[in-house]
Amino acid sequence: TLSNGAKVIIKPTKFKEDEILMTAVAKGGTSVIGDELANELIVSSIAFNQYGLGNYTNTDLQKYLAGKQVSLRPSFSEYNRQLSGSTTPKDLNTLMELTYMMFTDFNITEDEYAAMQNMYAGVLQNQEATPNFQFNKFLVKSLFTNPRNQMLSVDIIKSADRQKMLDIAKQMTENAADYTFVFVGNVDAE
């Protein structure tokens, strides 16, 4: 247990000399978020794949990570929160920097959010024109009355608010002490 309350589990292995996998998991997820933010919760699953950190836009972050083998993805389900990452021993510091910034300065710029909205709206417009999509949309709406369990649509993407999504992400990552970090791979515990 670290001084900030976060728990860390390290399992050194030599299966792959050039790989470290990290998972950070915390109990409690989006079930505490009100249904009035259902559209933001639905869209966040795709929007959070194109995040920036601090002053780095997603594009800047990709440039910064060029030549490095590092990935980190957040995911927030109803009952838990998770960060999944992978790296190599030489790039472990970069993964740790990204992890720290995920807790302190998660961001999606307005421009990148608008570009993501337009891209997915264009794709979904074509899909929504098919009978199969309409049937599945009707089926999901009939089976699930909860507004969080609806199919992604152009209307949902267009109505989701970027700032409300950022507020959700900040709420889900407001305290690293909630998380248990597990590192597996070629990790030196020291």
# chains A, B, ... in the order shown; residues from 1 in each chain; ligands from 1
call {"tool": "select_by_dssp", "arguments": {"residues": "segment 3-183 of chain A", "states": "strand (DSSP E)", "output": "number ranges by chain"}}
result
A: 7-12, 20-27, 52-53, 70-76, 80-87, 106-107, 180-183
call {"tool": "closest_residue", "arguments": {"among": "A:Gly67, A:Pro12, A:Gly85, A:Gly5", "to": "Gly185 of chain A", "atoms": "only C-alpha atoms"}}
result
A:Pro12
call {"tool": "closest_residue", "arguments": {"among": "A:Ala24, A:Lys14, A:Asp35, A:Lys90", "to": "Pro74 of chain A", "atoms": "only C-alpha atoms"}}
result
A:Ala24
call {"tool": "closest_atom_pairs", "arguments": {"of": "segment 74-152 of chain A", "to": "segment 40-61 of chain A", "cutoff": "9 Å", "atoms": "only C-alpha atoms", "output": "CSV"}}
result
residue,atom,partner,partner_atom,distance
A:Pro74,CA,A:Phe48,CA,6.9
A:Ser75,CA,A:Ser45,CA,7.2
A:Phe76,CA,A:Ser45,CA,8.0
A:Leu98,CA,A:Leu53,CA,7.7
A:Met101,CA,A:Leu53,CA,6.1
A:Met102,CA,A:Leu53,CA,6.7
A:Thr104,CA,A:Gly54,CA,8.1
A:Asp105,CA,A:Gly54,CA,4.9
A:Phe106,CA,A:Leu53,CA,4.9
A:Asn107,CA,A:Gly52,CA,4.9
A:Ile108,CA,A:Tyr51,CA,5.1
A:Thr109,CA,A:Thr57,CA,6.5
A:Glu112,CA,A:Asn58,CA,7.7
A:Tyr113,CA,A:Ala47,CA,7.3
A:Met116,CA,A:Ala47,CA,7.2
A:Gln117,CA,A:Ala47,CA,8.6
A:Arg148,CA,A:Ile42,CA,6.5
A:Asn149,CA,A:Ile42,CA,7.9
A:Gln150,CA,A:Ile42,CA,7.9
A:Met151,CA,A:Ile42,CA,8.2
A:Leu152,CA,A:Ile42,CA,6.8
call {"tool": "closest_residue", "arguments": {"among": "A:Ile20, A:Ala6, A:Leu65, A:Val123", "to": "Asn175 of chain A", "atoms": "only C-alpha atoms"}}
result
A:Ala6
call {"tool": "closest_residue", "arguments": {"among": "A:Leu37, A:Ala189, A:Leu139, A:Ala115", "to": "Leu166 of chain A", "atoms": "only C-alpha atoms"}}
result
A:Leu37
call {"tool": "atom_distance", "arguments": {"atom1": "atom CA of Ser3 of chain A", "atom2": "atom CA of Phe103 of chain A"}}
result
16.0 Å
call {"tool": "atom_distance", "arguments": {"atom1": "atom CA of Val187 of chain A", "atom2": "atom CA of Thr94 of chain A"}}
result
14.2 Å
call {"tool": "closest_residue", "arguments": {"among": "A:Ala176, A:Met119, A:Ala38, A:Val184", "to": "Glu78 of chain A", "atoms": "only C-alpha atoms"}}
result
A:Ala38
call {"tool": "select_by_dssp", "arguments": {"residues": "segment 3-54 of chain A", "states": "alpha helix (DSSP H)", "output": "PyMOL selection string"}}
result
chain A and resi 38-47
call {"tool": "closest_residue", "arguments": {"among": "A:Asp91, A:Glu97, A:Asp155, A:Glu36", "to": "Ala121 of chain A", "atoms": "only C-alpha atoms"}}
result
A:Asp155
call {"tool": "atom_distance", "arguments": {"atom1": "atom CA of Tyr100 of chain A", "atom2": "atom CA of Val25 of chain A"}}
result
14.6 Å
call {"tool": "decode", "arguments": {"residues": "segment 7-91 of chain A", "atoms": "C-alpha atoms", "output": "short mmCIF file (atom, residue, chain, number, x, y, z; two decimals), in the first residue's frame"}}
result
data_model
loop_
_atom_site.label_atom_id
_atom_site.label_comp_id
_atom_site.auth_asym_id
_atom_site.auth_seq_id
_atom_site.Cartn_x
_atom_site.Cartn_y
_atom_site.Cartn_z
CA LYS A 7 -2.59 -0.75 -3.48
CA VAL A 8 0.05 -2.19 -5.82
CA ILE A 9 0.55 -5.85 -6.68
CA ILE A 10 3.63 -6.83 -8.67
CA LYS A 11 4.05 -10.25 -10.29
CA PRO A 12 7.44 -10.47 -12.01
CA THR A 13 7.50 -12.98 -14.87
CA LYS A 14 9.97 -13.83 -17.59
CA PHE A 15 7.47 -15.18 -20.13
CA LYS A 16 8.12 -12.18 -22.35
CA GLU A 17 11.29 -10.24 -21.57
CA ASP A 18 9.97 -7.08 -23.22
CA GLU A 19 6.44 -6.79 -21.80
CA ILE A 20 4.76 -5.29 -18.76
CA LEU A 21 0.98 -5.34 -18.41
CA MET A 22 -0.82 -3.08 -15.96
CA THR A 23 -4.40 -3.13 -14.79
CA ALA A 24 -5.81 -0.73 -12.24
CA VAL A 25 -9.25 -1.62 -10.91
CA ALA A 26 -11.57 0.12 -8.45
CA LYS A 27 -15.01 -0.77 -7.18
CA GLY A 28 -17.85 1.59 -7.94
CA GLY A 29 -18.62 2.71 -11.42
CA THR A 30 -21.12 4.63 -13.44
CA SER A 31 -24.14 3.23 -11.55
CA VAL A 32 -23.86 6.31 -9.30
CA ILE A 33 -24.31 8.62 -12.31
CA GLY A 34 -27.89 9.75 -12.94
CA ASP A 35 -29.88 8.60 -15.96
CA GLU A 36 -29.99 12.22 -17.19
CA LEU A 37 -26.40 11.60 -18.35
CA ALA A 38 -27.28 8.39 -20.23
CA ASN A 39 -26.21 9.81 -23.62
CA GLU A 40 -22.85 10.90 -22.21
CA LEU A 41 -22.31 7.44 -20.71
CA ILE A 42 -23.11 5.73 -24.02
CA VAL A 43 -20.82 8.01 -26.06
CA SER A 44 -18.01 7.95 -23.48
CA SER A 45 -17.14 4.38 -24.44
CA ILE A 46 -15.90 5.65 -27.81
CA ALA A 47 -14.86 9.17 -26.84
CA PHE A 48 -12.55 7.98 -24.05
CA ASN A 49 -10.47 6.09 -26.63
CA GLN A 50 -9.34 9.42 -28.12
CA TYR A 51 -8.34 11.31 -25.01
CA GLY A 52 -5.66 13.86 -24.31
CA LEU A 53 -3.81 14.50 -21.07
CA GLY A 54 -3.11 17.93 -19.66
CA ASN A 55 -2.10 20.30 -22.42
CA TYR A 56 -1.55 17.37 -24.79
CA THR A 57 -4.34 16.85 -27.28
CA ASN A 58 -4.85 13.30 -28.50
CA THR A 59 -2.80 14.17 -31.59
CA ASP A 60 0.00 15.65 -29.46
CA LEU A 61 -0.05 12.60 -27.22
CA GLN A 62 0.32 10.28 -30.22
CA LYS A 63 3.32 12.31 -31.41
CA TYR A 64 4.85 12.21 -27.91
CA LEU A 65 4.42 8.42 -27.81
CA ALA A 66 5.90 7.86 -31.29
CA GLY A 67 8.71 5.33 -30.99
CA LYS A 68 7.55 4.24 -27.54
CA GLN A 69 5.65 1.07 -26.79
CA VAL A 70 3.05 2.36 -24.37
CA SER A 71 -0.72 2.16 -24.28
CA LEU A 72 -3.24 3.14 -21.62
CA ARG A 73 -7.02 2.94 -21.88
CA PRO A 74 -9.70 3.87 -19.35
CA SER A 75 -12.99 2.00 -19.12
CA PHE A 76 -15.82 2.64 -16.72
CA SER A 77 -18.62 0.11 -16.34
CA GLU A 78 -21.61 0.19 -14.03
CA TYR A 79 -19.85 -1.40 -11.07
CA ASN A 80 -16.12 -0.86 -11.57
CA ARG A 81 -13.54 1.46 -13.03
CA GLN A 82 -10.46 0.26 -14.85
CA LEU A 83 -7.28 1.44 -16.52
CA SER A 84 -5.53 -1.04 -18.79
CA GLY A 85 -2.00 -0.45 -19.95
CA SER A 86 0.97 -2.17 -21.50
CA THR A 87 4.56 -1.22 -22.05
CA THR A 88 8.16 -2.43 -22.14
CA PRO A 89 10.65 -2.16 -19.26
CA LYS A 90 12.40 0.78 -20.94
CA ASP A 91 9.11 2.70 -21.36
#
